[in-house]
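Asker: Got a structure for you, structure38.txt, holding compact mmCIF, C-alpha atoms.
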```txt
# COMPACT_ATOMS: atom_id res chain seq x y z
CA MET A 8 32.07 64.82 119.18
CA VAL A 9 33.23 62.42 116.47
CA ASP A 10 36.77 63.80 116.63
CA ALA A 11 36.80 63.09 120.35
CA TYR A 12 35.38 59.62 119.69
CA GLU A 13 38.10 58.78 117.19
CA ALA A 14 40.76 59.90 119.66
CA TRP A 15 39.29 57.46 122.19
CA ASP A 16 38.60 54.65 119.72
CA HIS A 17 41.96 54.33 117.88
CA GLY A 18 40.08 52.09 115.45
CA ASP A 19 40.29 48.98 117.63
CA ARG A 20 37.01 49.11 119.54
CA GLY A 21 33.78 47.46 118.53
CA HIS A 22 30.91 45.22 119.50
CA ARG A 23 29.30 42.06 118.19
CA ALA A 24 26.44 43.84 116.41
CA GLY A 25 28.90 45.71 114.20
CA ALA A 26 30.04 49.25 114.88
CA PHE A 27 28.28 52.10 113.06
CA PRO A 28 30.69 53.46 110.40
CA THR A 29 32.51 56.50 111.75
CA ASP A 30 32.17 58.38 108.45
CA VAL A 31 28.39 57.97 108.65
CA LEU A 32 28.52 59.16 112.25
CA ARG A 33 30.43 62.24 111.13
CA LEU A 34 27.88 63.02 108.43
CA LEU A 35 25.06 62.72 110.95
CA GLU A 36 26.86 65.08 113.29
CA ARG A 37 27.09 67.64 110.47
CA MET A 38 23.46 67.24 109.43
CA LEU A 39 21.87 67.18 112.87
CA PRO A 40 21.29 70.39 114.81
CA PRO A 41 23.85 70.99 117.60
CA SER A 42 21.11 70.24 120.10
CA LEU A 43 17.89 68.23 120.04
CA GLN A 44 15.05 68.02 122.51
CA ALA A 45 14.38 64.35 121.79
CA SER A 46 15.62 61.55 119.59
CA ALA A 47 15.22 57.79 119.33
CA GLU A 48 16.93 54.80 117.77
CA THR A 49 16.58 51.08 117.39
CA GLY A 50 19.81 49.23 118.05
CA CYS A 51 22.67 50.86 119.92
CA GLY A 52 26.38 51.56 119.82
CA LYS A 53 28.37 54.46 118.37
CA SER A 54 25.22 56.27 117.37
CA THR A 55 23.99 56.15 120.97
CA ILE A 56 27.15 57.95 122.07
CA LEU A 57 26.55 60.68 119.47
CA PHE A 58 22.88 61.15 120.30
CA SER A 59 23.59 61.33 124.04
CA ASN A 60 25.79 64.35 123.30
CA ILE A 61 23.32 66.30 121.18
CA SER A 62 19.92 65.21 122.48
CA ALA A 63 18.40 66.20 125.82
CA HIS A 64 16.46 62.93 125.85
CA HIS A 65 17.47 59.94 123.75
CA THR A 66 15.38 56.76 123.76
CA VAL A 67 17.13 53.54 122.79
CA PHE A 68 15.15 50.44 121.84
CA CYS A 69 17.54 47.50 121.90
CA LEU A 70 18.36 44.09 123.29
CA ASP A 71 20.25 43.98 126.59
CA ASP A 72 23.19 41.85 125.51
CA ARG A 73 25.44 42.50 128.50
CA LYS A 74 24.89 38.99 129.86
CA HIS A 75 26.56 37.57 126.76
CA GLY A 76 29.95 38.89 127.85
CA ALA A 77 32.55 40.49 125.59
CA GLY A 78 31.29 42.40 122.57
CA SER A 79 28.14 43.77 124.20
CA SER A 80 26.64 46.68 122.26
CA VAL A 81 25.06 48.07 125.44
CA ALA A 82 28.31 47.86 127.40
CA PHE A 83 30.06 49.51 124.45
CA PHE A 84 28.15 52.78 124.70
CA GLN A 85 27.84 52.63 128.49
CA GLN A 86 31.59 52.32 128.98
CA CYS A 87 32.57 55.06 126.56
CA PRO A 88 33.68 58.13 128.57
CA LEU A 89 31.98 60.40 126.01
CA THR A 90 28.52 58.95 126.66
CA LYS A 91 26.12 61.04 128.74
CA PRO A 92 24.05 58.29 130.41
CA GLU A 93 21.72 60.71 132.20
CA ARG A 94 20.25 61.62 128.80
CA ILE A 95 19.54 58.04 127.73
CA GLU A 96 16.38 56.03 128.31
CA ALA A 97 17.00 52.39 127.42
CA VAL A 98 14.01 50.24 126.54
CA PHE A 99 15.33 46.68 126.57
CA GLY A 100 13.81 43.81 124.66
CA PRO A 101 13.03 42.83 121.05
CA THR A 102 11.72 45.90 119.25
CA GLN A 103 9.01 43.68 117.79
CA ARG A 104 7.59 43.58 121.35
CA THR A 105 8.69 46.84 122.96
CA LEU A 106 7.73 49.34 120.25
CA PRO A 107 4.04 48.36 119.98
CA LEU A 108 3.67 48.79 123.75
CA TYR A 109 5.75 51.92 124.27
CA GLN A 110 3.93 55.16 125.16
CA HIS A 111 5.79 58.04 123.52
CA ALA A 112 5.85 61.08 125.81
CA ARG A 113 7.46 63.39 123.25
CA ARG A 114 8.01 63.95 119.56
CA TYR A 115 11.39 63.31 118.00
CA GLN A 116 13.64 65.52 115.92
CA ALA A 117 15.68 62.51 114.80
CA VAL A 118 15.08 58.76 114.59
CA LEU A 119 17.57 56.09 113.54
CA LEU A 120 16.36 52.65 112.44
CA ASP A 121 19.16 50.15 112.97
CA GLY A 122 17.59 47.31 114.94
CA PRO A 123 16.84 43.80 113.65
CA HIS A 124 17.35 43.76 109.90
CA GLY A 125 15.31 40.75 108.81
CA TRP A 126 12.09 41.56 106.98
CA PRO A 127 9.58 42.75 108.18
CA ALA A 128 11.22 44.06 111.39
CA PRO A 129 12.55 47.37 109.94
CA GLU A 130 9.11 48.14 108.49
CA LEU A 131 7.48 47.34 111.82
CA GLU A 132 9.88 49.73 113.55
CA TYR A 133 9.06 52.42 111.01
CA HIS A 134 5.33 51.88 111.52
CA PHE A 135 5.52 52.52 115.25
CA LEU A 136 7.96 55.44 115.10
CA TYR A 137 7.15 57.56 112.04
CA PRO A 138 4.00 59.18 113.51
CA HIS A 139 6.18 60.64 116.29
CA ILE A 140 8.76 62.38 114.08
CA GLU A 141 8.39 66.16 113.94
CA THR A 142 8.12 68.14 110.73
CA ASP A 143 11.68 68.89 109.57
CA GLY A 144 12.95 65.99 111.69
CA LEU A 145 15.32 63.37 110.33
CA LEU A 146 14.77 59.67 109.74
CA ILE A 147 17.97 57.67 109.24
CA LEU A 148 17.55 54.26 107.65
CA ASP A 149 20.72 52.19 107.91
CA ASP A 150 21.94 49.15 105.98
CA CYS A 151 20.02 49.87 102.79
CA HIS A 152 22.35 47.49 100.94
CA ILE A 153 20.09 44.73 102.31
CA PRO A 154 17.50 44.24 99.54
CA THR A 155 14.37 44.45 101.70
CA ILE A 156 15.64 47.57 103.50
CA GLY A 157 16.68 49.07 100.16
CA ARG A 158 13.14 48.52 98.89
CA MET A 159 11.84 50.28 102.00
CA ALA A 160 14.13 53.22 101.21
CA ASP A 161 12.71 53.29 97.66
CA VAL A 162 9.16 53.45 99.04
CA LEU A 163 10.05 56.30 101.42
CA ALA A 164 11.89 58.20 98.69
CA GLU A 165 8.61 58.45 96.73
CA ASP A 166 6.48 59.29 99.77
CA PRO A 167 5.49 62.98 100.04
CA MET A 168 6.17 62.82 103.80
CA TRP A 169 9.89 62.41 103.15
CA ARG A 170 12.66 64.11 101.22
CA VAL A 171 16.04 62.45 100.72
CA GLU A 172 18.64 64.62 102.43
CA GLY A 173 21.78 62.57 102.03
CA LEU A 174 23.50 59.24 101.58
CA ALA A 175 26.40 57.88 103.60
CA ALA A 176 27.71 54.38 103.03
CA ALA A 177 24.59 52.19 103.34
CA ALA A 178 22.53 54.78 105.25
CA VAL A 179 19.86 57.00 103.70
CA ILE A 180 18.84 60.17 105.55
CA PHE A 181 15.31 61.48 105.04
CA ARG A 182 13.77 64.75 106.23
CA ARG A 183 10.12 64.95 107.29
CA THR A 184 8.21 67.35 105.07
CA GLU A 185 5.02 69.25 105.86
CA ALA A 186 2.92 66.67 103.98
CA PRO A 187 0.02 65.25 106.02
CA LEU A 188 0.75 62.21 108.14
CA PHE A 189 -0.23 58.94 106.49
CA ASP A 190 -2.79 57.43 108.86
CA PRO A 191 -0.99 54.56 110.66
CA LEU A 192 -4.38 53.00 111.48
CA GLY A 193 -5.89 53.36 108.02
CA ASP A 194 -5.23 51.86 104.60
CA GLY A 195 -5.13 54.14 101.56
CA TRP A 196 -2.48 52.15 99.72
CA TRP A 197 -3.85 53.57 96.45
CA GLU A 198 -2.88 57.08 97.63
CA GLN A 199 0.77 56.19 98.06
CA PRO A 200 2.91 57.26 95.08
CA PHE A 201 5.01 54.09 95.12
CA ASN A 202 1.83 52.07 94.50
CA ARG A 203 0.06 54.52 92.16
CA ARG A 204 3.04 54.63 89.81
CA ARG A 205 3.09 50.85 89.55
CA VAL A 206 -0.66 50.17 89.30
CA PRO A 207 -1.93 52.41 86.48
CA ALA A 208 -5.57 53.36 86.07
CA GLY A 209 -7.50 50.63 84.26
CA ASN A 210 -5.49 47.84 85.85
CA PRO A 211 -7.87 45.36 87.54
CA PHE A 212 -6.05 45.93 90.84
CA HIS A 213 -6.35 49.74 90.70
CA LEU A 214 -7.84 51.39 93.81
CA GLY A 215 -8.20 48.11 95.63
CA ASP A 216 -11.00 46.70 93.46
CA ARG A 217 -11.40 42.96 93.65
CA PRO A 218 -9.81 41.62 90.45
CA PRO A 219 -11.54 39.07 88.24
CA ALA A 220 -10.34 35.48 88.19
CA ASP A 221 -8.46 35.90 84.92
CA ALA A 222 -6.48 38.77 86.42
CA ILE A 223 -5.50 36.59 89.37
CA SER A 224 -4.39 33.78 87.08
CA SER A 225 -2.30 36.26 85.12
CA LEU A 226 -0.11 36.66 88.19
CA ARG A 227 1.20 33.16 87.47
CA LEU A 228 0.71 31.95 91.01
CA PRO A 229 1.51 28.30 91.75
CA ASP A 230 -1.32 25.92 90.82
CA LYS A 231 -1.90 24.98 94.46
CA LEU A 232 -2.70 28.60 95.34
CA LEU A 233 -5.10 28.86 92.42
CA GLY A 234 -6.98 25.76 93.60
CA ASN A 235 -5.95 23.65 90.62
CA ALA A 236 -5.02 20.02 90.89
```
Re-express the file's structure as structure tokens.

Answerer:
Amino acid sequence: MVDAYEAWDHGDRGHRAGAFPTDVLRLLERMLPPSLQASAETGCGKSTILFSNISAHHTVFCLDDRKHGAGSSVAFFQQCPLTKPERIEAVFGPTQRTLPLYQHARRYQAVLLDGPHGWPAPELEYHFLYPHIETDGLLILDDCHIPTIGRMADVLAEDPMWRVEGLAAAAVIFRRTEAPLFDPLGDGWWEQPFNRRRVPAGNPFHLGDRPPADAISSLRLPDKLLGNA
């Protein structure tokens, strides 16, 4: 599909949100199965074109920017002759609002997170989508050069639910393992490897215990937060 896209694109097409790198798109095409039952993404553009060709049902969570005229990301994938619109379900609106309300009717074999990039939006998107990714499914986290998203990639790389499958430009591709699902409605931060490796046993913060006052002061918080004059 990417070869056909490049023949259509000629390198001079794009949209205001920034076109997904074609080399990353090509890697995804190689890594993804030739056909999927269901997939989802936040944001839209080139990746939407790809997913519409390999997924029987692709759900897109994005802003409807067509009213803003030239450079619309939605118009970009809609107007591409390679797009298969009958396979796309578009959920328009800020993902911060649409994802918490969306009722998922299926599980996904692939999910791409490429919506709003300001913290904590990518983590919010992950929270509402990761429980619906099948074992052996892929999670693609884009723009990991942004420090907060890079930190999120570091956390996932140490999580037993995920295995790093590949890197392409600023995107990290994870595969869902058979590890139990981390309860999205629970806590259990002390069970997460990223935390356990950074809060050793004996530390006053270990296992969520309430730390003594001298431990809090050792964090060197501003005086105002410590209640000092």

Asker: Measuring atom to atom with only C-alpha atoms, identify which of A:Trp196, A:Phe201, A:Tyr115, A:Phe189 is nearest to Ala160 of chain A.

Answerer: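 Closest to Ala160 of chain A of all the choices is A:Phe201.
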
Asker: Mind giving me the straight-line distance from atom CA of Leu131 of chain A to atom CA of Glu48 of chain A in Å, one decimal?

Answerer: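 Spanning atom CA of Leu131 of chain A to atom CA of Glu48 of chain A is a straight-line distance of 13.4 Å.
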
Asker: Could you check which of A:Asp71, A:Arg203, A:Gly195, A:Thr184 is closest to Val162 of chain A, using only C-alpha atoms?

Answerer: A:Arg203

Asker: Pick out the closest residue to Leu136 of chain A from this set: A:Phe68, A:Phe99, A:Trp15, A:Phe58. Count all atoms listed in the file.

Answerer: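 Among A:Phe68, A:Phe99, A:Trp15, A:Phe58, it is A:Phe68 that comes nearest to Leu136 of chain A.
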
Asker: So which residues touch Met168 of chain A within 10 Å, counting only C-alpha atoms, skipping near sequence neighbours fewer than 2 positions away, as a list in words?

Answerer: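 Those residues are Tyr137, Thr142, Leu163, Ala164, Glu165, Asp166, Arg170, Phe181, Arg182, Arg183, Thr184, Glu185, Ala186, Pro187, Leu188 and Phe189 of chain A.
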
Asker: Select, from A:Arg204, A:His152, A:His124, A:His139, the residue with the minimum atom-to-atom distance to Gly50 of chain A, counting only C-alpha atoms.

Answerer: A:His124

Asker: Choose the residue, out of A:Cys69, A:Pro107, A:Thr29, A:Ser59, that has the smallest atom-to-atom separation from Pro41 of chain A; count all atoms listed in the file.

Answerer: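 Once distances to Pro41 of chain A are computed over all atoms listed in the file, the minimum belongs to A:Ser59.
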
Asker: Figure out the distance between atom CA of Gly144 of chain A and atom CA of Ala177 of chain A, please, to one decimal in Å.

Answerer: 19.9 Å

Asker: Please report the interatomic distance between atom CA of Ser80 of chain A and atom CA of Pro40 of chain A in Å with one decimal.

Answerer: 25.4 Å

Asker: Once 4 Å is added on each side, what centre and edge lengths in Å to one decimal does the axis-aligned box around all listed atoms of segment 181-188 of chain A have, as lines of an AutoDock Vina configuration file?

Answerer:
```
center_x = 7.7
center_y = 65.4
center_z = 106.1
size_x = 23.3
size_y = 15.8
size_z = 12.2
```

Asker: Between A:Arg104, A:Arg94, A:Lys53, A:His65, which one has atoms that come closest to Asp121 of chain A, using all atoms listed in the file?

Answerer: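 Of the candidates, the smallest distance to Asp121 of chain A is held by A:Lys53.
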
Asker: Would you mind listing what lies within 9 Å of Glu93 of chain A as JSON, numbers by chain, with all atoms listed in the file counted and same-chain residues fewer than 3 positions away left out?

Answerer: {"A": [59, 64, 90, 96]}

Asker: Would you write out those residues with C-alpha atoms, as an mmCIF file, in the frame of the given file?

Answerer:
```cif
data_model
loop_
_atom_site.group_PDB
_atom_site.id
_atom_site.type_symbol
_atom_site.label_atom_id
_atom_site.label_comp_id
_atom_site.auth_asym_id
_atom_site.auth_seq_id
_atom_site.Cartn_x
_atom_site.Cartn_y
_atom_site.Cartn_z
ATOM 1 C CA SER A 59 23.590 61.330 124.040
ATOM 2 C CA HIS A 64 16.460 62.930 125.850
ATOM 3 C CA THR A 90 28.520 58.950 126.660
ATOM 4 C CA GLU A 96 16.380 56.030 128.310
#
```

Asker: If we count all atoms listed in the file and set the cut-off at 7 Å, which residues sit around segment 117-119 of chain A, ignoring sequence neighbours fewer than 5 positions away in its own chain? Please answer as number ranges by chain.

Answerer: A: 46-49, 140, 144-148

Asker: Might you pull out every residue within 12 Å of Asp10 of chain A, with all atoms listed in the file counted and same-chain residues fewer than 5 positions away left off, and present them as a PyMOL selection string?

Answerer: chain A and resi 15-17+29-30+32-33+36+57+89

Asker: Find the residues around Phe83 of chain A up to 7 Å (all atoms listed in the file counted), leave out those fewer than 3 positions away in its own chain, and share them as number ranges by chain.

Answerer: A: 22, 52, 79-80, 86-87
